[in-house]
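Coordinates as given in upload-v9.cif (mmCIF, C-alpha atoms):
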data_protein
#
loop_
_atom_site.label_atom_id
_atom_site.label_comp_id
_atom_site.auth_asym_id
_atom_site.auth_seq_id
_atom_site.Cartn_x
_atom_site.Cartn_y
_atom_site.Cartn_z
CA MET E 406 93.01 166.99 152.32
CA HIS E 407 90.65 168.87 154.60
CA ILE E 408 87.07 169.05 153.44
CA PRO E 409 85.18 172.17 154.50
CA GLU E 410 82.32 171.59 156.84
CA SER E 411 79.82 173.04 154.38
CA LEU E 412 80.82 170.55 151.68
CA GLN E 413 80.67 167.72 154.17
CA ASP E 414 77.18 168.73 155.17
CA LEU E 415 76.24 168.89 151.51
CA ALA E 416 77.57 165.37 150.94
CA ASP E 417 75.58 164.09 153.91
CA SER E 418 72.36 165.81 152.88
CA GLU E 419 69.28 163.86 151.90
CA ALA E 420 69.36 165.14 148.33
CA VAL E 421 72.88 163.86 147.69
CA GLN E 422 72.17 160.55 149.38
CA PHE E 423 69.04 160.21 147.24
CA LEU E 424 70.99 160.89 144.04
CA LYS E 425 73.57 158.27 145.00
CA LYS E 426 71.03 155.46 145.15
CA PRO E 427 71.27 152.89 142.31
CA LYS E 428 67.54 153.16 141.62
CA THR E 429 67.78 156.94 141.24
CA ILE E 430 70.79 156.70 138.92
CA LEU E 431 68.99 154.17 136.73
CA ARG E 432 65.88 156.34 136.51
CA ILE E 433 67.96 159.32 135.45
CA PHE E 434 69.72 157.30 132.75
CA ALA E 435 66.40 155.86 131.56
CA GLY E 436 64.92 159.33 131.37
CA VAL E 437 67.91 160.68 129.42
CA PHE E 438 67.83 157.77 126.97
CA SER E 439 64.10 158.24 126.43
CA LEU E 440 64.62 161.96 125.91
CA ILE E 441 67.26 161.28 123.25
CA VAL E 442 65.03 158.80 121.42
CA PHE E 443 61.95 160.96 121.10
CA SER E 444 63.75 164.30 120.65
CA SER E 445 66.05 163.04 117.90
CA LEU E 446 63.17 161.70 115.85
CA LEU E 447 60.91 164.60 116.69
CA THR E 448 63.36 167.16 115.36
CA ASP E 449 65.12 165.33 112.49
CA GLY E 450 62.96 162.25 112.06
CA TYR E 451 60.81 163.76 109.32
CA GLN E 452 62.64 164.84 106.17
CA ASN E 453 61.75 165.47 102.57
CA LYS E 454 63.07 163.24 99.83
CA THR E 455 65.41 164.42 97.12
CA ASP E 456 62.64 164.41 94.55
CA SER E 457 59.79 165.67 96.75
CA SER E 458 59.06 168.43 99.24
CA GLN E 459 56.69 166.34 101.35
CA LEU E 460 57.98 165.25 104.75
CA HIS E 461 58.39 161.53 105.39
CA CYS E 462 59.74 159.48 108.24
CA ILE E 463 63.40 158.66 107.70
CA LEU E 464 62.75 155.08 108.84
CA ASN E 465 61.67 153.54 105.55
CA SER E 466 59.13 156.36 105.10
CA ASN E 467 57.04 154.64 107.75
CA ASN E 468 55.33 157.26 109.86
CA VAL E 469 54.21 154.59 112.31
CA ALA E 470 57.83 153.88 113.23
CA CYS E 471 58.60 157.53 113.99
CA SER E 472 55.32 158.00 115.86
CA PHE E 473 55.93 154.87 117.92
CA ALA E 474 59.44 155.97 118.89
CA VAL E 475 58.36 159.52 119.74
CA GLY E 476 55.35 158.40 121.79
CA THR E 477 57.22 155.65 123.62
CA GLY E 478 60.14 157.90 124.44
CA PHE E 479 57.91 160.70 125.69
CA LEU E 480 55.80 158.42 127.92
CA ALA E 481 58.89 156.69 129.30
CA PHE E 482 60.42 160.07 130.09
CA LEU E 483 57.30 161.14 131.99
CA SER E 484 57.27 157.81 133.82
CA CYS E 485 60.83 158.36 134.99
CA LEU E 486 59.97 161.85 136.27
CA VAL E 487 56.91 160.61 138.17
CA PHE E 488 58.76 157.75 139.82
CA LEU E 489 61.67 160.01 140.72
CA ALA E 490 59.22 162.26 142.54
CA LEU E 491 57.65 159.27 144.31
CA ASP E 492 61.07 157.91 145.27
CA ALA E 493 61.96 161.26 146.82
CA HIS E 494 58.90 161.06 149.11
CA GLU E 495 59.04 157.31 149.74
CA SER E 496 60.78 157.73 153.11
CA HIS E 497 57.94 159.96 154.31
CA ILE E 498 55.29 157.33 153.56
CA ALA E 499 54.22 155.62 156.77
CA SER E 500 51.78 153.13 155.27
CA THR E 501 53.40 149.76 154.63
CA ARG E 502 50.64 148.73 152.24
CA PHE E 503 51.19 151.82 150.09
CA GLN E 504 54.92 151.15 149.92
CA THR E 505 54.31 147.55 148.89
CA ALA E 506 51.81 148.63 146.23
CA PHE E 507 54.25 151.26 144.96
CA GLN E 508 57.08 148.73 144.68
CA LEU E 509 54.80 146.25 142.93
CA LEU E 510 53.70 148.92 140.44
CA ASP E 511 57.33 149.87 139.89
CA PHE E 512 58.23 146.27 139.08
CA ILE E 513 55.30 145.78 136.70
CA LEU E 514 55.98 149.00 134.80
CA ALA E 515 59.69 148.27 134.56
CA VAL E 516 58.97 144.87 132.99
CA LEU E 517 56.47 146.43 130.59
CA TRP E 518 58.88 149.17 129.57
CA ALA E 519 61.68 146.67 129.04
CA GLY E 520 59.43 144.66 126.71
CA THR E 521 58.23 147.80 124.95
CA TRP E 522 61.75 149.05 124.30
CA PHE E 523 62.82 145.63 123.04
CA VAL E 524 59.94 145.58 120.55
CA GLY E 525 60.66 149.18 119.62
CA PHE E 526 64.34 148.49 119.02
CA CYS E 527 63.57 145.54 116.76
CA PHE E 528 60.95 147.56 114.88
CA LEU E 529 63.15 150.62 114.38
CA ALA E 530 66.17 148.58 113.38
CA ASN E 531 64.11 146.62 110.85
CA GLN E 532 62.69 149.77 109.31
CA TRP E 533 66.11 151.40 109.13
CA GLN E 534 67.55 148.30 107.49
CA HIS E 535 64.90 148.42 104.78
CA SER E 536 65.32 152.15 104.18
CA PRO E 537 66.78 152.94 100.73
CA PRO E 538 70.29 154.42 100.97
CA LYS E 539 70.67 158.14 100.32
CA GLU E 540 66.92 158.58 100.09
CA PHE E 541 67.07 161.47 102.56
CA LEU E 542 69.75 164.13 102.69
CA LEU E 543 69.56 164.53 106.49
CA GLY E 544 68.41 162.56 109.51
CA SER E 545 70.55 159.43 109.33
CA SER E 546 72.43 160.30 112.53
CA SER E 547 69.17 160.91 114.38
CA ALA E 548 67.82 157.54 113.29
CA LYS E 549 70.97 155.77 114.44
CA ALA E 550 70.90 157.59 117.77
CA ALA E 551 67.26 156.61 118.37
CA ILE E 552 67.96 152.97 117.56
CA THR E 553 71.08 152.86 119.72
CA PHE E 554 69.49 154.38 122.82
CA ALA E 555 66.38 152.27 122.38
CA PHE E 556 68.69 149.25 122.63
CA PHE E 557 70.36 150.60 125.78
CA SER E 558 66.97 151.34 127.33
CA VAL E 559 66.10 147.64 127.30
CA PHE E 560 68.90 146.81 129.75
CA ILE E 561 68.25 149.89 131.85
CA TRP E 562 64.63 148.89 132.44
CA ILE E 563 65.55 145.25 133.04
CA PHE E 564 67.92 146.36 135.77
CA GLN E 565 65.21 148.59 137.22
CA ALA E 566 62.84 145.63 137.31
CA TYR E 567 65.48 143.63 139.18
CA LEU E 568 65.94 146.36 141.79
CA ALA E 569 62.18 146.73 142.21
CA LEU E 570 61.80 142.99 142.69
CA ARG E 571 64.61 142.96 145.24
CA ASP E 572 63.01 145.76 147.23
CA LEU E 573 59.64 144.04 146.99
CA ARG E 574 61.02 140.81 148.42
CA LYS E 575 62.92 142.62 151.13
CA ASP E 576 60.20 144.97 152.36
CA ALA E 577 57.03 142.99 151.68
CA SER E 578 55.28 142.13 154.93
CA VAL E 579 54.01 138.62 155.61
CA PRO E 580 50.18 138.70 155.96
CA TYR E 581 48.92 137.98 159.45
CA LYS E 582 52.46 137.51 160.75
CA ARG E 583 51.80 139.63 163.81
CA SER E 584 48.49 137.88 164.50
CA LEU E 585 50.13 134.47 164.25
CA ASP E 586 52.90 135.51 166.61
CA GLU E 587 50.45 136.88 169.14
CA GLY E 588 48.30 133.77 168.81
CA GLY E 589 51.32 131.59 169.50
CA VAL E 590 52.06 133.54 172.67
CA VAL E 591 48.46 133.16 173.83
CA LEU E 592 48.39 129.44 173.11
CA THR E 593 51.68 128.97 174.95
CA THR E 594 50.35 130.87 177.96
CA LEU E 595 47.03 129.00 178.09
CA SER E 596 48.42 125.55 177.34
CA PRO E 597 47.37 122.91 179.92
CA PRO E 598 50.04 121.82 182.42
CA SER E 599 51.72 118.51 181.97
CA ALA E 600 50.86 115.40 183.95
CA ALA E 601 54.05 115.66 185.98
CA SER E 602 53.22 119.17 187.12
CA PRO E 603 52.02 119.20 190.79
CA ILE E 604 49.83 122.21 190.13
CA ASN E 605 46.41 121.51 188.64
CA THR E 606 44.84 124.61 187.17
CA PRO E 607 41.09 124.57 187.87
CA SER E 608 38.75 124.87 184.99
CA THR E 609 37.21 128.27 184.54
CA GLY E 610 34.40 127.36 182.19
CA PRO E 611 30.86 128.53 182.82
CA ASN E 612 29.69 124.92 183.56
CA SER E 613 32.33 124.11 186.13
CA LEU E 614 31.67 124.07 189.86
CA SER E 615 34.66 126.17 190.68
CA TYR E 616 33.38 128.88 188.38
CA ALA E 617 29.94 128.81 190.04
CA SER E 618 31.36 128.78 193.54
CA SER E 619 33.73 131.65 192.80
CA ALA E 620 30.89 133.63 191.24
CA LEU E 621 28.55 133.05 194.22
CA SER E 622 31.13 133.31 196.99
CA PRO E 623 30.21 136.90 197.98
CA TYR E 624 26.61 135.87 198.59
CA LEU E 625 27.05 132.52 200.35
CA THR E 626 28.49 131.81 203.77
CA THR E 627 29.70 128.51 205.10
CA PRO E 628 27.09 127.03 207.48
CA LYS E 629 28.33 126.46 210.98
CA ALA E 630 27.87 123.11 212.73
CA PRO E 631 25.34 123.12 215.67
CA ARG E 632 26.84 123.10 219.13
CA LEU E 633 25.77 120.51 221.70
CA ALA E 634 24.90 121.99 225.08
CA MET E 635 25.43 119.84 228.17
CA MET E 636 22.40 119.70 230.49
CA PRO E 637 23.28 119.97 234.21
CA ASP E 638 22.45 116.98 236.38
CA ASN E 639 19.62 117.45 238.85
#

For this file, produce the structure as structure tokens.
Amino acid sequence: MHIPESLQDLADSEAVQFLKKPKTILRIFAGVFSLIVFSSLLTDGYQNKTDSSQLHCILNSNNVACSFAVGTGFLAFLSCLVFLALDAHESHIASTRFQTAFQLLDFILAVLWAGTWFVGFCFLANQWQHSPPKEFLLGSSSAKAAITFAFFSVFIWIFQAYLALRDLRKDASVPYKRSLDEGGVVLTTLSPPSAASPINTPSTGPNSLSYASSALSPYLTTPKAPRLAMMPDN
């Protein structure tokens, strides 16, 4: 099947290649999961009971649980957007130190988000388990969706931490590597010759005679030996 040239150019474009990266795909999934968590509880997470008109959190009437899920999901969603923007401009960053710092920050935040989502999943599941049945007329599907995608977010962020650590190990520069290499070349060049070598390199220190003679050679001339003149016999 012949692919038009325009579609081929589109497939080879930087945007498509960026979207095909595993890190980009994981960030998109993490952002979608976070969006589902905080939007489901933000819209249907607060309901009134059958015997009251006051709104309560559907997770065991614990407003802290709903607030925690909404806040965590919203911040994680913003984090995914920010890192997607930074990933898009990562190839244009010339500073190696900035790239290393960015990858280190990515790894640290991924580990923190994985731990946060694990704690959040356990907290939300515990509160839902202790919620009285049929206490609220609506909102049970939203609570289940938030708990489910909080559980999936744990593995998504763990995988992101793994990719960040892999990139950090691959691209991190060894400190003073270039200086050590250059120093090795200099030491190899200036190493003294072996005893079997017929060439003896003269010392060039400031206290050596060869150094003094070479420094004073333009100003000194070699004295000539006096000539003996023969006197004629009388």

Residue nearest E:Leu424 - candidates E:Ala490, E:Gln504, E:Leu440, E:Trp562, atoms counted: only C-alpha atoms: E:Ala490

Would you mind listing what lies within 12 Å of stretch 451-455 of chain E as a CSV table (one decimal) with C-alpha atoms, in the coordinates of the input, with all atoms listed in the file counted and same-chain residues fewer than 2 positions away left out?
chain,number,residue,atom,x,y,z
E,444,SER,CA,63.8,164.3,120.6
E,445,SER,CA,66.0,163.0,117.9
E,446,LEU,CA,63.2,161.7,115.8
E,447,LEU,CA,60.9,164.6,116.7
E,448,THR,CA,63.4,167.2,115.4
E,449,ASP,CA,65.1,165.3,112.5
E,457,SER,CA,59.8,165.7,96.8
E,458,SER,CA,59.1,168.4,99.2
E,459,GLN,CA,56.7,166.3,101.4
E,460,LEU,CA,58.0,165.2,104.8
E,461,HIS,CA,58.4,161.5,105.4
E,462,CYS,CA,59.7,159.5,108.2
E,463,ILE,CA,63.4,158.7,107.7
E,464,LEU,CA,62.8,155.1,108.8
E,465,ASN,CA,61.7,153.5,105.6
E,466,SER,CA,59.1,156.4,105.1
E,467,ASN,CA,57.0,154.6,107.8
E,468,ASN,CA,55.3,157.3,109.9
E,469,VAL,CA,54.2,154.6,112.3
E,470,ALA,CA,57.8,153.9,113.2
E,471,CYS,CA,58.6,157.5,114.0
E,472,SER,CA,55.3,158.0,115.9
E,475,VAL,CA,58.4,159.5,119.7
E,537,PRO,CA,66.8,152.9,100.7
E,538,PRO,CA,70.3,154.4,101.0
E,539,LYS,CA,70.7,158.1,100.3
E,540,GLU,CA,66.9,158.6,100.1
E,541,PHE,CA,67.1,161.5,102.6
E,542,LEU,CA,69.8,164.1,102.7
E,543,LEU,CA,69.6,164.5,106.5
E,544,GLY,CA,68.4,162.6,109.5
E,545,SER,CA,70.6,159.4,109.3
E,547,SER,CA,69.2,160.9,114.4
E,548,ALA,CA,67.8,157.5,113.3

Which of E:Phe488, E:Phe434, E:Phe423, E:Phe503 sits closest to E:Ile561 [using only C-alpha atoms]: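 Closest candidate: E:Phe434.
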
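Counting from atom CA of E:Val442, the distance to atom CA of E:Lys425 is 25.1 Å.
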
Nearby residues, (68.0, 156.3, 136.1) file frame, 10 Å, all atoms listed in the file, as a PyMOL selection string: chain E and resi 424+426-438+485-486+489+561-562+564-565

For atom CA of E:Ser536 and atom CA of E:Ala519, the interatomic separation in Å (one decimal):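 Calculated distance between atom CA of E:Ser536 and atom CA of E:Ala519 is 25.7 Å.
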
For atom CA of E:Leu568 and atom CA of E:Ala506, the interatomic separation in Å (one decimal):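 For atom CA of E:Leu568 relative to atom CA of E:Ala506, the distance reads 15.0 Å.
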
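Nearest residue to E:Leu480 among E:Trp522, E:Phe528, E:Phe512, E:Trp533 is E:Trp522, counting only C-alpha atoms.
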
Stretch 536-550 of chain E from the block above: all heavy atoms written as a CSV table (one decimal), in the first residue's frame:
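Output file part-v3.csv is given in full below:
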chain,number,residue,atom,x,y,z
E,536,SER,N,-17.8,2.9,54.4
E,536,SER,CA,-19.0,3.7,54.1
E,536,SER,C,-20.2,2.8,54.3
E,536,SER,O,-20.3,1.7,53.8
E,536,SER,CB,-18.9,4.3,52.7
E,536,SER,OG,-17.7,5.1,52.6
E,537,PRO,N,-21.2,3.3,55.0
E,537,PRO,CA,-22.5,2.6,55.1
E,537,PRO,C,-23.1,2.4,53.7
E,537,PRO,O,-23.1,3.3,52.9
E,537,PRO,CB,-23.4,3.4,56.0
E,537,PRO,CG,-22.4,4.3,56.7
E,537,PRO,CD,-21.3,4.6,55.7
E,538,PRO,N,-23.7,1.2,53.5
E,538,PRO,CA,-24.3,0.9,52.2
E,538,PRO,C,-25.6,1.7,52.0
E,538,PRO,O,-26.3,1.9,52.9
E,538,PRO,CB,-24.6,-0.6,52.2
E,538,PRO,CG,-24.6,-0.9,53.6
E,538,PRO,CD,-23.7,0.0,54.3
E,539,LYS,N,-25.8,2.2,50.8
E,539,LYS,CA,-27.0,2.9,50.4
E,539,LYS,C,-27.2,4.2,51.3
E,539,LYS,O,-28.3,4.6,51.5
E,539,LYS,CB,-28.3,2.0,50.5
E,539,LYS,CG,-28.2,0.8,49.6
E,539,LYS,CD,-29.5,0.0,49.8
E,539,LYS,CE,-29.4,-1.2,48.8
E,539,LYS,NZ,-30.6,-2.1,49.0
E,540,GLU,N,-26.1,4.7,51.7
E,540,GLU,CA,-26.2,6.0,52.5
E,540,GLU,C,-26.5,7.2,51.6
E,540,GLU,O,-27.2,8.1,51.9
E,540,GLU,CB,-25.0,6.2,53.3
E,540,GLU,CG,-25.0,7.4,54.2
E,540,GLU,CD,-23.8,7.6,55.1
E,540,GLU,OE1,-22.7,6.9,54.8
E,540,GLU,OE2,-23.8,8.4,56.0
E,541,PHE,N,-25.9,7.1,50.3
E,541,PHE,CA,-26.0,8.1,49.3
E,541,PHE,C,-26.7,7.5,48.1
E,541,PHE,O,-26.5,6.3,47.8
E,541,PHE,CB,-24.7,8.7,48.9
E,541,PHE,CG,-23.9,9.3,50.0
E,541,PHE,CD1,-23.0,8.6,50.8
E,541,PHE,CD2,-24.2,10.6,50.4
E,541,PHE,CE1,-22.3,9.2,51.8
E,541,PHE,CE2,-23.5,11.3,51.4
E,541,PHE,CZ,-22.5,10.6,52.1
E,542,LEU,N,-27.6,8.3,47.5
E,542,LEU,CA,-28.3,7.8,46.3
E,542,LEU,C,-27.4,7.8,45.1
E,542,LEU,O,-27.6,6.9,44.3
E,542,LEU,CB,-29.5,8.7,46.1
E,542,LEU,CG,-30.6,8.7,47.2
E,542,LEU,CD1,-31.7,9.7,46.8
E,542,LEU,CD2,-31.2,7.3,47.4
E,543,LEU,N,-26.5,8.7,45.0
E,543,LEU,CA,-25.6,8.8,43.8
E,543,LEU,C,-24.2,8.9,44.3
E,543,LEU,O,-23.9,9.1,45.5
E,543,LEU,CB,-26.0,10.1,43.0
E,543,LEU,CG,-27.4,10.2,42.4
E,543,LEU,CD1,-27.6,11.5,41.8
E,543,LEU,CD2,-27.7,9.0,41.5
E,544,GLY,N,-23.3,8.7,43.3
E,544,GLY,CA,-21.8,8.9,43.6
E,544,GLY,C,-21.0,7.6,43.8
E,544,GLY,O,-19.8,7.7,43.9
E,545,SER,N,-21.7,6.5,43.9
E,545,SER,CA,-20.9,5.3,44.1
E,545,SER,C,-20.0,4.9,42.9
E,545,SER,O,-18.8,4.5,43.1
E,545,SER,CB,-21.8,4.1,44.4
E,545,SER,OG,-22.7,3.9,43.2
E,546,SER,N,-20.4,5.2,41.7
E,546,SER,CA,-19.6,4.9,40.5
E,546,SER,C,-18.4,5.9,40.5
E,546,SER,O,-17.3,5.5,40.1
E,546,SER,CB,-20.4,5.0,39.3
E,546,SER,OG,-21.0,6.3,39.2
E,547,SER,N,-18.6,7.1,40.9
E,547,SER,CA,-17.5,8.0,40.9
E,547,SER,C,-16.4,7.6,42.0
E,547,SER,O,-15.2,7.7,41.7
E,547,SER,CB,-18.0,9.4,41.2
E,547,SER,OG,-18.9,9.9,40.2
E,548,ALA,N,-16.9,7.2,43.1
E,548,ALA,CA,-15.9,6.7,44.1
E,548,ALA,C,-15.1,5.5,43.7
E,548,ALA,O,-13.9,5.4,43.9
E,548,ALA,CB,-16.7,6.4,45.4
E,549,LYS,N,-15.8,4.6,43.0
E,549,LYS,CA,-15.1,3.4,42.5
E,549,LYS,C,-14.1,3.8,41.4
E,549,LYS,O,-13.0,3.2,41.3
E,549,LYS,CB,-16.1,2.4,42.0
E,549,LYS,CG,-17.0,1.8,43.1
E,549,LYS,CD,-18.0,0.8,42.5
E,549,LYS,CE,-18.9,0.2,43.6
E,549,LYS,NZ,-20.0,-0.7,43.0
E,550,ALA,N,-14.5,4.7,40.6
E,550,ALA,CA,-13.6,5.1,39.5
E,550,ALA,C,-12.3,5.8,40.1
E,550,ALA,O,-11.2,5.6,39.6
E,550,ALA,CB,-14.3,6.1,38.5
